[in-house]
$ cat input-v9.cif   # mmCIF, N, CA and C atoms and all ligand atoms
data_coords
loop_
_atom_site.label_atom_id
_atom_site.label_comp_id
_atom_site.auth_asym_id
_atom_site.auth_seq_id
_atom_site.Cartn_x
_atom_site.Cartn_y
_atom_site.Cartn_z
N ALA R 1 -83.65 -148.29 47.15
CA ALA R 1 -84.92 -148.87 47.62
C ALA R 1 -86.09 -148.02 47.12
N LEU R 2 -87.23 -148.67 46.95
CA LEU R 2 -88.42 -147.94 46.51
C LEU R 2 -88.99 -147.16 47.68
N LYS R 3 -89.27 -145.90 47.44
CA LYS R 3 -89.91 -145.09 48.47
C LYS R 3 -91.24 -144.59 47.91
N LYS R 4 -92.30 -144.81 48.67
CA LYS R 4 -93.61 -144.36 48.23
C LYS R 4 -93.64 -142.83 48.26
N LYS R 5 -94.12 -142.25 47.16
CA LYS R 5 -94.23 -140.79 47.11
C LYS R 5 -95.36 -140.31 48.02
N THR R 6 -95.12 -139.18 48.68
CA THR R 6 -96.19 -138.57 49.47
C THR R 6 -97.17 -137.87 48.52
N VAL R 7 -98.33 -137.50 49.07
CA VAL R 7 -99.32 -136.79 48.26
C VAL R 7 -98.73 -135.48 47.74
N ASP R 8 -98.00 -134.74 48.59
CA ASP R 8 -97.41 -133.47 48.15
C ASP R 8 -96.39 -133.68 47.03
N GLU R 9 -95.62 -134.76 47.12
CA GLU R 9 -94.66 -135.06 46.05
C GLU R 9 -95.38 -135.37 44.75
N ARG R 10 -96.50 -136.07 44.85
CA ARG R 10 -97.29 -136.38 43.65
C ARG R 10 -97.89 -135.12 43.05
N LEU R 11 -98.41 -134.25 43.92
CA LEU R 11 -99.01 -133.00 43.44
C LEU R 11 -97.95 -132.13 42.77
N LEU R 12 -96.74 -132.12 43.33
CA LEU R 12 -95.66 -131.36 42.72
C LEU R 12 -95.30 -131.94 41.35
N SER R 13 -95.28 -133.26 41.25
CA SER R 13 -95.01 -133.90 39.96
C SER R 13 -96.04 -133.50 38.91
N ILE R 14 -97.31 -133.42 39.33
CA ILE R 14 -98.37 -133.00 38.41
C ILE R 14 -98.12 -131.57 37.94
N CYS R 15 -97.76 -130.68 38.87
CA CYS R 15 -97.45 -129.28 38.51
C CYS R 15 -96.31 -129.24 37.50
N GLU R 16 -95.25 -130.01 37.77
CA GLU R 16 -94.07 -130.02 36.90
C GLU R 16 -94.42 -130.52 35.50
N LEU R 17 -95.21 -131.60 35.47
CA LEU R 17 -95.61 -132.19 34.19
C LEU R 17 -96.43 -131.20 33.36
N LEU R 18 -97.38 -130.53 34.02
CA LEU R 18 -98.24 -129.58 33.31
C LEU R 18 -97.43 -128.39 32.81
N GLU R 19 -96.59 -127.84 33.67
CA GLU R 19 -95.81 -126.65 33.29
C GLU R 19 -94.84 -126.98 32.15
N ALA R 20 -94.26 -128.18 32.20
CA ALA R 20 -93.25 -128.57 31.20
C ALA R 20 -93.86 -128.91 29.84
N ASN R 21 -95.13 -129.33 29.84
CA ASN R 21 -95.72 -129.85 28.60
C ASN R 21 -96.73 -128.95 27.91
N VAL R 22 -97.20 -127.94 28.61
CA VAL R 22 -98.13 -127.01 27.96
C VAL R 22 -97.47 -125.64 27.95
N ALA R 23 -97.16 -125.16 26.75
CA ALA R 23 -96.33 -123.95 26.60
C ALA R 23 -96.95 -122.75 27.31
N TYR R 24 -98.28 -122.67 27.33
CA TYR R 24 -98.92 -121.49 27.91
C TYR R 24 -99.34 -121.69 29.38
N TYR R 25 -98.90 -122.81 30.01
CA TYR R 25 -99.06 -122.98 31.47
C TYR R 25 -97.74 -122.54 32.10
N ASN R 26 -97.70 -121.34 32.66
CA ASN R 26 -96.43 -120.78 33.13
C ASN R 26 -96.26 -120.78 34.64
N TRP R 27 -97.36 -120.83 35.38
CA TRP R 27 -97.33 -121.03 36.84
C TRP R 27 -98.45 -122.02 37.13
N VAL R 28 -98.11 -123.12 37.78
CA VAL R 28 -99.11 -124.15 38.06
C VAL R 28 -99.02 -124.51 39.53
N GLY R 29 -100.14 -124.39 40.24
CA GLY R 29 -100.11 -124.70 41.67
C GLY R 29 -101.45 -125.14 42.20
N PHE R 30 -101.41 -125.65 43.44
CA PHE R 30 -102.62 -126.06 44.14
C PHE R 30 -102.82 -125.19 45.37
N TYR R 31 -104.07 -124.81 45.58
CA TYR R 31 -104.48 -124.19 46.85
C TYR R 31 -105.51 -125.12 47.49
N PHE R 32 -105.44 -125.22 48.83
CA PHE R 32 -106.41 -126.06 49.56
C PHE R 32 -107.03 -125.28 50.71
N LYS R 33 -108.27 -125.65 51.03
CA LYS R 33 -108.94 -125.06 52.20
C LYS R 33 -108.04 -125.30 53.41
N ASN R 34 -107.82 -124.24 54.18
CA ASN R 34 -106.91 -124.30 55.33
C ASN R 34 -107.66 -124.72 56.59
N GLY R 35 -107.75 -126.01 56.82
CA GLY R 35 -108.45 -126.53 58.00
C GLY R 35 -109.89 -126.07 58.04
N ASP R 36 -110.31 -125.51 59.18
CA ASP R 36 -111.69 -125.05 59.33
C ASP R 36 -111.85 -123.58 58.93
N LYS R 37 -110.74 -122.96 58.55
CA LYS R 37 -110.79 -121.52 58.25
C LYS R 37 -111.36 -121.25 56.86
N ASP R 38 -111.97 -120.07 56.71
CA ASP R 38 -112.49 -119.65 55.41
C ASP R 38 -111.38 -118.99 54.61
N GLU R 39 -110.35 -119.79 54.34
CA GLU R 39 -109.21 -119.28 53.57
C GLU R 39 -108.53 -120.44 52.85
N LEU R 40 -107.79 -120.09 51.79
CA LEU R 40 -107.01 -121.07 51.04
C LEU R 40 -105.56 -120.97 51.45
N LYS R 41 -104.88 -122.13 51.41
CA LYS R 41 -103.45 -122.18 51.71
C LYS R 41 -102.75 -122.77 50.49
N LEU R 42 -101.64 -122.15 50.12
CA LEU R 42 -100.87 -122.62 48.96
C LEU R 42 -100.27 -124.00 49.23
N GLY R 43 -100.42 -124.89 48.27
CA GLY R 43 -99.80 -126.21 48.33
C GLY R 43 -98.65 -126.27 47.34
N PRO R 44 -98.35 -127.46 46.82
CA PRO R 44 -97.27 -127.59 45.85
C PRO R 44 -97.52 -126.73 44.60
N TYR R 45 -96.44 -126.17 44.06
CA TYR R 45 -96.56 -125.34 42.85
C TYR R 45 -95.22 -125.31 42.13
N VAL R 46 -95.26 -124.94 40.84
CA VAL R 46 -94.03 -124.61 40.11
C VAL R 46 -94.23 -123.24 39.46
N GLY R 47 -93.15 -122.48 39.38
CA GLY R 47 -93.19 -121.14 38.83
C GLY R 47 -92.66 -120.17 39.87
N ALA R 48 -92.81 -118.90 39.56
CA ALA R 48 -92.27 -117.86 40.44
C ALA R 48 -92.89 -117.96 41.83
N PRO R 49 -92.08 -117.85 42.89
CA PRO R 49 -92.63 -117.84 44.25
C PRO R 49 -93.63 -116.70 44.41
N THR R 50 -94.69 -116.95 45.17
CA THR R 50 -95.73 -115.93 45.37
C THR R 50 -95.83 -115.58 46.86
N ASP R 51 -96.13 -114.29 47.12
CA ASP R 51 -96.37 -113.85 48.50
C ASP R 51 -97.74 -114.32 48.99
N HIS R 52 -98.60 -114.73 48.02
CA HIS R 52 -99.99 -115.03 48.38
C HIS R 52 -100.15 -116.50 48.75
N THR R 53 -99.59 -116.84 49.93
CA THR R 53 -99.65 -118.23 50.40
C THR R 53 -100.96 -118.49 51.13
N ILE R 54 -101.60 -117.43 51.60
CA ILE R 54 -102.93 -117.53 52.22
C ILE R 54 -103.86 -116.57 51.47
N ILE R 55 -105.02 -117.08 51.03
CA ILE R 55 -106.00 -116.24 50.32
C ILE R 55 -107.36 -116.41 50.98
N PRO R 56 -107.92 -115.32 51.53
CA PRO R 56 -109.25 -115.42 52.15
C PRO R 56 -110.32 -115.78 51.11
N PHE R 57 -111.32 -116.57 51.51
CA PHE R 57 -112.44 -116.88 50.63
C PHE R 57 -113.05 -115.58 50.11
N GLY R 58 -113.33 -115.56 48.80
CA GLY R 58 -113.93 -114.37 48.19
C GLY R 58 -112.92 -113.45 47.55
N LYS R 59 -111.65 -113.55 47.98
CA LYS R 59 -110.63 -112.62 47.46
C LYS R 59 -109.90 -113.20 46.26
N GLY R 60 -109.75 -112.39 45.22
CA GLY R 60 -109.03 -112.81 44.02
C GLY R 60 -109.81 -113.87 43.25
N ILE R 61 -109.20 -114.34 42.18
CA ILE R 61 -109.83 -115.36 41.36
C ILE R 61 -109.96 -116.66 42.17
N CYS R 62 -108.89 -117.00 42.88
CA CYS R 62 -108.88 -118.23 43.68
C CYS R 62 -109.95 -118.19 44.77
N GLY R 63 -109.99 -117.08 45.51
CA GLY R 63 -110.96 -116.95 46.60
C GLY R 63 -112.40 -116.98 46.11
N GLN R 64 -112.63 -116.48 44.90
CA GLN R 64 -113.98 -116.52 44.33
C GLN R 64 -114.39 -117.95 43.98
N VAL R 65 -113.43 -118.73 43.48
CA VAL R 65 -113.73 -120.13 43.13
C VAL R 65 -113.99 -120.96 44.39
N ALA R 66 -113.36 -120.57 45.50
CA ALA R 66 -113.60 -121.27 46.77
C ALA R 66 -115.06 -121.15 47.20
N VAL R 67 -115.73 -120.05 46.80
CA VAL R 67 -117.14 -119.88 47.17
C VAL R 67 -118.12 -120.21 46.04
N SER R 68 -117.70 -120.05 44.79
CA SER R 68 -118.63 -120.31 43.66
C SER R 68 -118.71 -121.79 43.30
N ASN R 69 -117.65 -122.55 43.63
CA ASN R 69 -117.54 -123.98 43.25
C ASN R 69 -117.53 -124.17 41.73
N LYS R 70 -117.15 -123.14 41.00
CA LYS R 70 -117.17 -123.22 39.53
C LYS R 70 -115.80 -122.85 38.94
N ASN R 71 -115.53 -123.40 37.76
CA ASN R 71 -114.33 -123.00 37.03
C ASN R 71 -114.35 -121.49 36.82
N PHE R 72 -113.18 -120.88 36.83
CA PHE R 72 -113.08 -119.45 36.53
C PHE R 72 -111.97 -119.29 35.49
N VAL R 73 -112.37 -118.91 34.28
CA VAL R 73 -111.42 -118.66 33.21
C VAL R 73 -111.32 -117.16 33.01
N VAL R 74 -110.11 -116.64 33.13
CA VAL R 74 -109.86 -115.20 32.98
C VAL R 74 -108.97 -114.98 31.76
N PRO R 75 -109.56 -114.53 30.64
CA PRO R 75 -108.76 -114.33 29.42
C PRO R 75 -107.78 -113.16 29.54
N ASP R 76 -108.17 -112.16 30.38
CA ASP R 76 -107.36 -110.94 30.53
C ASP R 76 -107.43 -110.50 31.98
N VAL R 77 -106.36 -110.76 32.75
CA VAL R 77 -106.40 -110.45 34.18
C VAL R 77 -106.54 -108.95 34.46
N SER R 78 -106.09 -108.11 33.50
CA SER R 78 -106.16 -106.66 33.73
C SER R 78 -107.60 -106.15 33.71
N ALA R 79 -108.52 -106.98 33.20
CA ALA R 79 -109.93 -106.58 33.15
C ALA R 79 -110.70 -106.99 34.41
N GLN R 80 -110.01 -107.66 35.38
CA GLN R 80 -110.66 -108.13 36.60
C GLN R 80 -110.43 -107.15 37.75
N ASP R 81 -111.48 -106.77 38.46
CA ASP R 81 -111.24 -105.89 39.62
C ASP R 81 -110.92 -106.70 40.88
N ASN R 82 -111.52 -107.90 41.01
CA ASN R 82 -111.21 -108.75 42.18
C ASN R 82 -110.15 -109.77 41.76
N TYR R 83 -108.92 -109.29 41.68
CA TYR R 83 -107.81 -110.09 41.19
C TYR R 83 -106.59 -109.81 42.04
N ILE R 84 -105.86 -110.88 42.39
CA ILE R 84 -104.62 -110.72 43.16
C ILE R 84 -103.45 -110.97 42.21
N ALA R 85 -102.68 -109.93 41.92
CA ALA R 85 -101.53 -110.06 41.01
C ALA R 85 -100.35 -110.70 41.74
N CYS R 86 -99.79 -111.73 41.13
CA CYS R 86 -98.60 -112.38 41.70
C CYS R 86 -97.37 -111.97 40.93
N SER R 87 -97.52 -111.73 39.63
CA SER R 87 -96.38 -111.39 38.78
C SER R 87 -96.89 -110.53 37.63
N ILE R 88 -96.12 -109.53 37.23
CA ILE R 88 -96.58 -108.63 36.18
C ILE R 88 -96.59 -109.29 34.80
N SER R 89 -95.90 -110.43 34.67
CA SER R 89 -95.87 -111.11 33.37
C SER R 89 -97.14 -111.91 33.09
N VAL R 90 -97.98 -112.09 34.11
CA VAL R 90 -99.19 -112.90 33.94
C VAL R 90 -100.27 -112.14 33.18
N LYS R 91 -100.81 -112.79 32.13
CA LYS R 91 -101.85 -112.17 31.29
C LYS R 91 -103.22 -112.81 31.49
N ALA R 92 -103.22 -114.11 31.82
CA ALA R 92 -104.48 -114.86 31.91
C ALA R 92 -104.37 -115.90 33.02
N GLU R 93 -105.54 -116.39 33.47
CA GLU R 93 -105.55 -117.35 34.59
C GLU R 93 -106.73 -118.29 34.44
N ILE R 94 -106.55 -119.52 34.89
CA ILE R 94 -107.66 -120.47 34.98
C ILE R 94 -107.59 -121.15 36.34
N VAL R 95 -108.76 -121.25 37.00
CA VAL R 95 -108.85 -121.94 38.29
C VAL R 95 -109.98 -122.96 38.20
N VAL R 96 -109.68 -124.20 38.55
CA VAL R 96 -110.67 -125.29 38.52
C VAL R 96 -110.73 -125.94 39.90
N PRO R 97 -111.95 -126.00 40.48
CA PRO R 97 -112.08 -126.55 41.84
C PRO R 97 -111.90 -128.07 41.89
N ILE R 98 -111.52 -128.55 43.09
CA ILE R 98 -111.35 -129.98 43.37
C ILE R 98 -112.42 -130.37 44.39
N PHE R 99 -113.17 -131.42 44.06
CA PHE R 99 -114.26 -131.84 44.95
C PHE R 99 -113.99 -133.24 45.52
N ILE R 100 -114.26 -133.40 46.81
CA ILE R 100 -114.31 -134.74 47.41
C ILE R 100 -115.69 -134.89 48.04
N ASN R 101 -116.44 -135.89 47.61
CA ASN R 101 -117.82 -136.10 48.07
C ASN R 101 -118.65 -134.82 47.97
N GLY R 102 -118.46 -134.10 46.88
CA GLY R 102 -119.25 -132.88 46.65
C GLY R 102 -118.73 -131.64 47.36
N ASP R 103 -117.74 -131.79 48.24
CA ASP R 103 -117.18 -130.63 48.93
C ASP R 103 -116.00 -130.05 48.15
N ASN R 104 -116.02 -128.74 48.02
CA ASN R 104 -114.92 -128.01 47.36
C ASN R 104 -113.75 -127.93 48.35
N ILE R 105 -112.72 -128.76 48.12
CA ILE R 105 -111.61 -128.85 49.09
C ILE R 105 -110.38 -128.06 48.64
N GLY R 106 -110.40 -127.56 47.41
CA GLY R 106 -109.25 -126.82 46.91
C GLY R 106 -109.36 -126.61 45.42
N GLN R 107 -108.23 -126.35 44.80
CA GLN R 107 -108.29 -125.98 43.38
C GLN R 107 -106.91 -126.09 42.74
N ILE R 108 -106.93 -126.21 41.43
CA ILE R 108 -105.70 -126.03 40.67
C ILE R 108 -105.77 -124.62 40.07
N ASP R 109 -104.64 -123.93 40.12
CA ASP R 109 -104.56 -122.54 39.65
C ASP R 109 -103.43 -122.47 38.62
N ILE R 110 -103.75 -121.98 37.44
CA ILE R 110 -102.74 -121.86 36.39
C ILE R 110 -102.73 -120.44 35.84
N ASP R 111 -101.52 -119.87 35.82
CA ASP R 111 -101.31 -118.54 35.24
C ASP R 111 -100.63 -118.70 33.89
N SER R 112 -100.99 -117.82 32.97
CA SER R 112 -100.36 -117.84 31.64
C SER R 112 -99.80 -116.47 31.30
N ASN R 113 -98.64 -116.47 30.67
CA ASN R 113 -98.05 -115.22 30.17
C ASN R 113 -98.55 -114.88 28.77
N THR R 114 -99.39 -115.76 28.23
CA THR R 114 -100.02 -115.57 26.91
C THR R 114 -101.43 -115.02 27.12
N PRO R 115 -101.83 -113.98 26.38
CA PRO R 115 -103.20 -113.49 26.52
C PRO R 115 -104.24 -114.49 25.98
N ASP R 116 -105.33 -114.64 26.70
CA ASP R 116 -106.49 -115.45 26.26
C ASP R 116 -106.12 -116.83 25.68
N PRO R 117 -105.39 -117.67 26.42
CA PRO R 117 -104.93 -118.94 25.85
C PRO R 117 -105.86 -120.12 26.16
N PHE R 118 -106.76 -119.98 27.14
CA PHE R 118 -107.49 -121.14 27.67
C PHE R 118 -108.78 -121.40 26.90
N THR R 119 -108.99 -122.67 26.53
CA THR R 119 -110.19 -123.08 25.81
C THR R 119 -110.99 -124.04 26.70
N GLU R 120 -112.13 -124.49 26.16
CA GLU R 120 -112.93 -125.49 26.88
C GLU R 120 -112.16 -126.80 27.02
N ASP R 121 -111.24 -127.06 26.09
CA ASP R 121 -110.40 -128.26 26.21
C ASP R 121 -109.54 -128.20 27.47
N ASP R 122 -109.03 -127.01 27.80
CA ASP R 122 -108.27 -126.87 29.05
C ASP R 122 -109.17 -127.16 30.26
N GLU R 123 -110.39 -126.63 30.20
CA GLU R 123 -111.31 -126.86 31.32
C GLU R 123 -111.59 -128.35 31.51
N ARG R 124 -111.93 -129.05 30.40
CA ARG R 124 -112.23 -130.49 30.49
C ARG R 124 -111.01 -131.26 31.00
N PHE R 125 -109.83 -130.93 30.44
CA PHE R 125 -108.59 -131.59 30.83
C PHE R 125 -108.29 -131.36 32.31
N LEU R 126 -108.40 -130.11 32.77
CA LEU R 126 -108.08 -129.81 34.16
C LEU R 126 -109.12 -130.37 35.12
N GLU R 127 -110.39 -130.46 34.67
CA GLU R 127 -111.41 -131.14 35.49
C GLU R 127 -111.01 -132.61 35.70
N TYR R 128 -110.50 -133.23 34.64
CA TYR R 128 -110.02 -134.62 34.75
C TYR R 128 -108.85 -134.72 35.72
N VAL R 129 -107.89 -133.80 35.58
CA VAL R 129 -106.74 -133.78 36.50
C VAL R 129 -107.22 -133.63 37.95
N CYS R 130 -108.17 -132.72 38.16
CA CYS R 130 -108.68 -132.47 39.52
C CYS R 130 -109.39 -133.69 40.09
N LYS R 131 -110.08 -134.46 39.24
CA LYS R 131 -110.73 -135.70 39.70
C LYS R 131 -109.69 -136.71 40.17
N GLN R 132 -108.59 -136.82 39.42
CA GLN R 132 -107.51 -137.74 39.81
C GLN R 132 -106.87 -137.27 41.12
N VAL R 133 -106.69 -135.96 41.26
CA VAL R 133 -106.11 -135.40 42.48
C VAL R 133 -107.03 -135.69 43.67
N ALA R 134 -108.35 -135.52 43.47
CA ALA R 134 -109.32 -135.80 44.53
C ALA R 134 -109.20 -137.25 44.97
N LYS R 135 -109.06 -138.16 44.02
CA LYS R 135 -108.94 -139.59 44.33
C LYS R 135 -107.71 -139.87 45.18
N LEU R 136 -106.58 -139.28 44.77
CA LEU R 136 -105.36 -139.60 45.51
C LEU R 136 -105.38 -139.01 46.92
N ILE R 137 -105.97 -137.83 47.08
CA ILE R 137 -106.09 -137.24 48.42
C ILE R 137 -107.07 -138.05 49.27
N ASP R 138 -108.20 -138.43 48.65
CA ASP R 138 -109.22 -139.20 49.36
C ASP R 138 -108.67 -140.56 49.82
N GLU R 139 -107.91 -141.21 48.95
CA GLU R 139 -107.31 -142.50 49.30
C GLU R 139 -106.32 -142.35 50.45
N GLU R 140 -105.52 -141.27 50.39
CA GLU R 140 -104.55 -141.02 51.46
C GLU R 140 -105.27 -140.77 52.79
N ASN R 141 -106.32 -139.94 52.76
CA ASN R 141 -107.08 -139.66 53.98
C ASN R 141 -107.68 -140.94 54.55
N TYR R 142 -108.17 -141.80 53.64
CA TYR R 142 -108.78 -143.07 54.04
C TYR R 142 -107.74 -143.96 54.72
N MET R 143 -106.53 -144.03 54.11
CA MET R 143 -105.45 -144.85 54.68
C MET R 143 -105.08 -144.36 56.08
N LEU R 144 -105.11 -143.03 56.28
CA LEU R 144 -104.70 -142.45 57.56
C LEU R 144 -105.69 -142.75 58.68
N THR R 145 -106.88 -143.24 58.34
CA THR R 145 -107.85 -143.55 59.38
C THR R 145 -107.59 -144.93 59.98
N PHE R 146 -106.65 -145.70 59.41
CA PHE R 146 -106.32 -147.02 59.98
C PHE R 146 -105.16 -146.93 60.97
N1 LIG R 201 -104.06 -114.56 40.83
C1 LIG R 201 -104.65 -115.32 41.91
C2 LIG R 201 -103.72 -115.38 43.10
C3 LIG R 201 -102.82 -116.55 43.08
S1 LIG R 201 -101.50 -116.35 42.02
O1 LIG R 201 -102.08 -116.47 40.63
C4 LIG R 201 -100.40 -117.58 42.21
C5 LIG R 201 -105.98 -114.74 42.30
O2 LIG R 201 -106.37 -113.68 41.83
O3 LIG R 201 -106.65 -115.35 43.13
#
$ encode --input "input-v9.cif" --output "structure tokens"
Amino acid sequence: ALKKKTVDERLLSICELLEANVAYYNWVGFYFKNGDKDELKLGPYVGAPTDHTIIPFGKGICGQVAVSNKNFVVPDVSAQDNYIACSISVKAEIVVPIFINGDNIGQIDIDSNTPDPFTEDDERFLEYVCKQVAKLIDEENYMLTF
């Protein structure tokens, strides 16, 4: 029988697709604002498990994007002082925020084991992915109000 995928299942599929198809996307995951708290909570992801399932706003690359509302491209993570290391194999990171009605509700976070791999094409592509993610979350939230 056909079973409708949940939002988390869809988000996991997106992570799997990105990790499998882009050689330099080695850890792909979503973080979302944790209710009313000023912190991020880890959502679906693929790659090495991380201890950083909760990240306070302002902390690390992810926490900085939660407050800046801007893409953060890190060509060399070792050059960042406000950085949370998840794995020693990670060389670079990109974080792109997700907006619903102008509110920053979360982000996609991608780690790369390749130094300086991310271009503006990655930013444009991931902004597009984040827009689609915003739509599916917004539609789900809308459905839940009935
Ligand atoms: N490196 C991130 C933490 C999350 S891990 O990459 C999965 C940061 O500095 O916010």
$ axis_aligned_box --input "input-v9.cif" --around "segment 41-54 of chain R" --padding-each-side "8 Å" --output "AutoDock Vina command-line options"
--center_x -98.5 --center_y -120.7 --center_z 45.5 --size_x 28.8 --size_y 29.7 --size_z 29.4
$ closest_atom_pairs --input "input-v9.cif" --of "chain R" --to "ligand LIG 201 (chain R)" --cutoff "9 Å" --atoms "only C-alpha atoms and all ligand atoms" --output "JSON lines"
{"residue": "R:Trp27", "atom": "CA", "partner": "R:LIG201", "partner_atom": "C4", "distance": 7.1}
{"residue": "R:Val28", "atom": "CA", "partner": "R:LIG201", "partner_atom": "C4", "distance": 7.9}
{"residue": "R:Gly29", "atom": "CA", "partner": "R:LIG201", "partner_atom": "C4", "distance": 7.1}
{"residue": "R:Phe30", "atom": "CA", "partner": "R:LIG201", "partner_atom": "C4", "distance": 9.0}
{"residue": "R:Tyr31", "atom": "CA", "partner": "R:LIG201", "partner_atom": "C3", "distance": 8.7}
{"residue": "R:Leu42", "atom": "CA", "partner": "R:LIG201", "partner_atom": "C4", "distance": 8.4}
{"residue": "R:Tyr45", "atom": "CA", "partner": "R:LIG201", "partner_atom": "C4", "distance": 8.7}
{"residue": "R:Gly47", "atom": "CA", "partner": "R:LIG201", "partner_atom": "C4", "distance": 8.7}
{"residue": "R:Ala48", "atom": "CA", "partner": "R:LIG201", "partner_atom": "C4", "distance": 8.3}
{"residue": "R:Pro49", "atom": "CA", "partner": "R:LIG201", "partner_atom": "C4", "distance": 8.0}
{"residue": "R:Thr50", "atom": "CA", "partner": "R:LIG201", "partner_atom": "C4", "distance": 5.9}
{"residue": "R:Asp51", "atom": "CA", "partner": "R:LIG201", "partner_atom": "C4", "distance": 8.3}
{"residue": "R:His52", "atom": "CA", "partner": "R:LIG201", "partner_atom": "C3", "distance": 6.2}
{"residue": "R:Thr53", "atom": "CA", "partner": "R:LIG201", "partner_atom": "C3", "distance": 8.2}
{"residue": "R:Ile55", "atom": "CA", "partner": "R:LIG201", "partner_atom": "O3", "distance": 7.3}
{"residue": "R:Gly58", "atom": "CA", "partner": "R:LIG201", "partner_atom": "O3", "distance": 8.9}
{"residue": "R:Lys59", "atom": "CA", "partner": "R:LIG201", "partner_atom": "O3", "distance": 6.5}
{"residue": "R:Gly60", "atom": "CA", "partner": "R:LIG201", "partner_atom": "O2", "distance": 3.6}
{"residue": "R:Ile61", "atom": "CA", "partner": "R:LIG201", "partner_atom": "O3", "distance": 3.6}
{"residue": "R:Cys62", "atom": "CA", "partner": "R:LIG201", "partner_atom": "O3", "distance": 3.7}
{"residue": "R:Gly63", "atom": "CA", "partner": "R:LIG201", "partner_atom": "O3", "distance": 5.8}
{"residue": "R:Gln64", "atom": "CA", "partner": "R:LIG201", "partner_atom": "O3", "distance": 7.5}
{"residue": "R:Val65", "atom": "CA", "partner": "R:LIG201", "partner_atom": "O3", "distance": 8.5}
{"residue": "R:Val77", "atom": "CA", "partner": "R:LIG201", "partner_atom": "N1", "distance": 8.2}
{"residue": "R:Gln80", "atom": "CA", "partner": "R:LIG201", "partner_atom": "O2", "distance": 8.7}
{"residue": "R:Asn82", "atom": "CA", "partner": "R:LIG201", "partner_atom": "O2", "distance": 6.9}
{"residue": "R:Tyr83", "atom": "CA", "partner": "R:LIG201", "partner_atom": "O2", "distance": 3.9}
{"residue": "R:Ile84", "atom": "CA", "partner": "R:LIG201", "partner_atom": "O2", "distance": 3.7}
{"residue": "R:Ala85", "atom": "CA", "partner": "R:LIG201", "partner_atom": "N1", "distance": 5.2}
{"residue": "R:Cys86", "atom": "CA", "partner": "R:LIG201", "partner_atom": "S1", "distance": 4.9}
{"residue": "R:Ser87", "atom": "CA", "partner": "R:LIG201", "partner_atom": "S1", "distance": 7.8}
{"residue": "R:Val90", "atom": "CA", "partner": "R:LIG201", "partner_atom": "O1", "distance": 8.1}
{"residue": "R:Ala92", "atom": "CA", "partner": "R:LIG201", "partner_atom": "N1", "distance": 8.9}
{"residue": "R:Glu93", "atom": "CA", "partner": "R:LIG201", "partner_atom": "N1", "distance": 7.0}
{"residue": "R:Ile94", "atom": "CA", "partner": "R:LIG201", "partner_atom": "O1", "distance": 8.9}
{"residue": "R:Val95", "atom": "CA", "partner": "R:LIG201", "partner_atom": "O3", "distance": 8.5}
{"residue": "R:Asp109", "atom": "CA", "partner": "R:LIG201", "partner_atom": "O1", "distance": 6.6}
{"residue": "R:Ile110", "atom": "CA", "partner": "R:LIG201", "partner_atom": "O1", "distance": 6.9}
{"residue": "R:Asp111", "atom": "CA", "partner": "R:LIG201", "partner_atom": "O1", "distance": 5.8}
$ select_by_dssp --input "input-v9.cif" --residues "segment 18-98 of chain R" --states "strand (DSSP E)" --output "PyMOL selection string"
chain R and resi 27-33+39-46+54-56+72-74+92-98
$ closest_residue --input "input-v9.cif" --among "R:Phe118, R:Phe99, R:Gly35, R:Lys41" --to "Val133 of chain R" --atoms "all atoms listed in the file"
R:Phe99
$ atom_distance --input "input-v9.cif" --atom1 "atom CA of Leu136 of chain R" --atom2 "atom CA of Asn113 of chain R"
29.7 Å
$ residues_around --input "input-v9.cif" --residues "Pro117 of chain R" --least-positions-apart "6" --cutoff "7 Å" --atoms "all atoms listed in the file" --output "list in words"
Tyr24, Val74, Pro75 and Ala92 of chain R
$ decode --input "input-v9.cif" --residues "segment 54-63 of chain R" --atoms "N, CA and C atoms" --output "JSON list (two decimals), in the first residue's frame"
[["chain", "number", "residue", "atom", "x", "y", "z"],
["R", 54, "ILE", "N", 22.22, 19.64, 20.08],
["R", 54, "ILE", "CA", 21.68, 20.95, 20.47],
["R", 54, "ILE", "C", 22.80, 21.97, 20.34],
["R", 55, "ILE", "N", 22.53, 23.08, 19.64],
["R", 55, "ILE", "CA", 23.54, 24.14, 19.47],
["R", 55, "ILE", "C", 22.91, 25.47, 19.86],
["R", 56, "PRO", "N", 23.45, 26.13, 20.90],
["R", 56, "PRO", "CA", 22.91, 27.44, 21.29],
["R", 56, "PRO", "C", 23.11, 28.48, 20.18],
["R", 57, "PHE", "N", 22.15, 29.39, 20.02],
["R", 57, "PHE", "CA", 22.29, 30.48, 19.06],
["R", 57, "PHE", "C", 23.60, 31.22, 19.33],
["R", 58, "GLY", "N", 24.33, 31.52, 18.25],
["R", 58, "GLY", "CA", 25.60, 32.24, 18.37],
["R", 58, "GLY", "C", 26.81, 31.33, 18.41],
["R", 59, "LYS", "N", 26.59, 30.05, 18.77],
["R", 59, "LYS", "CA", 27.73, 29.12, 18.91],
["R", 59, "LYS", "C", 27.99, 28.35, 17.63],
["R", 60, "GLY", "N", 29.25, 28.29, 17.23],
["R", 60, "GLY", "CA", 29.65, 27.55, 16.03],
["R", 60, "GLY", "C", 29.14, 28.22, 14.77],
["R", 61, "ILE", "N", 29.41, 27.58, 13.65],
["R", 61, "ILE", "CA", 28.97, 28.11, 12.36],
["R", 61, "ILE", "C", 27.44, 28.10, 12.31],
["R", 62, "CYS", "N", 26.84, 27.00, 12.76],
["R", 62, "CYS", "CA", 25.39, 26.87, 12.73],
["R", 62, "CYS", "C", 24.71, 27.93, 13.60],
["R", 63, "GLY", "N", 25.21, 28.07, 14.84],
["R", 63, "GLY", "CA", 24.62, 29.04, 15.76],
["R", 63, "GLY", "C", 24.75, 30.48, 15.27]]
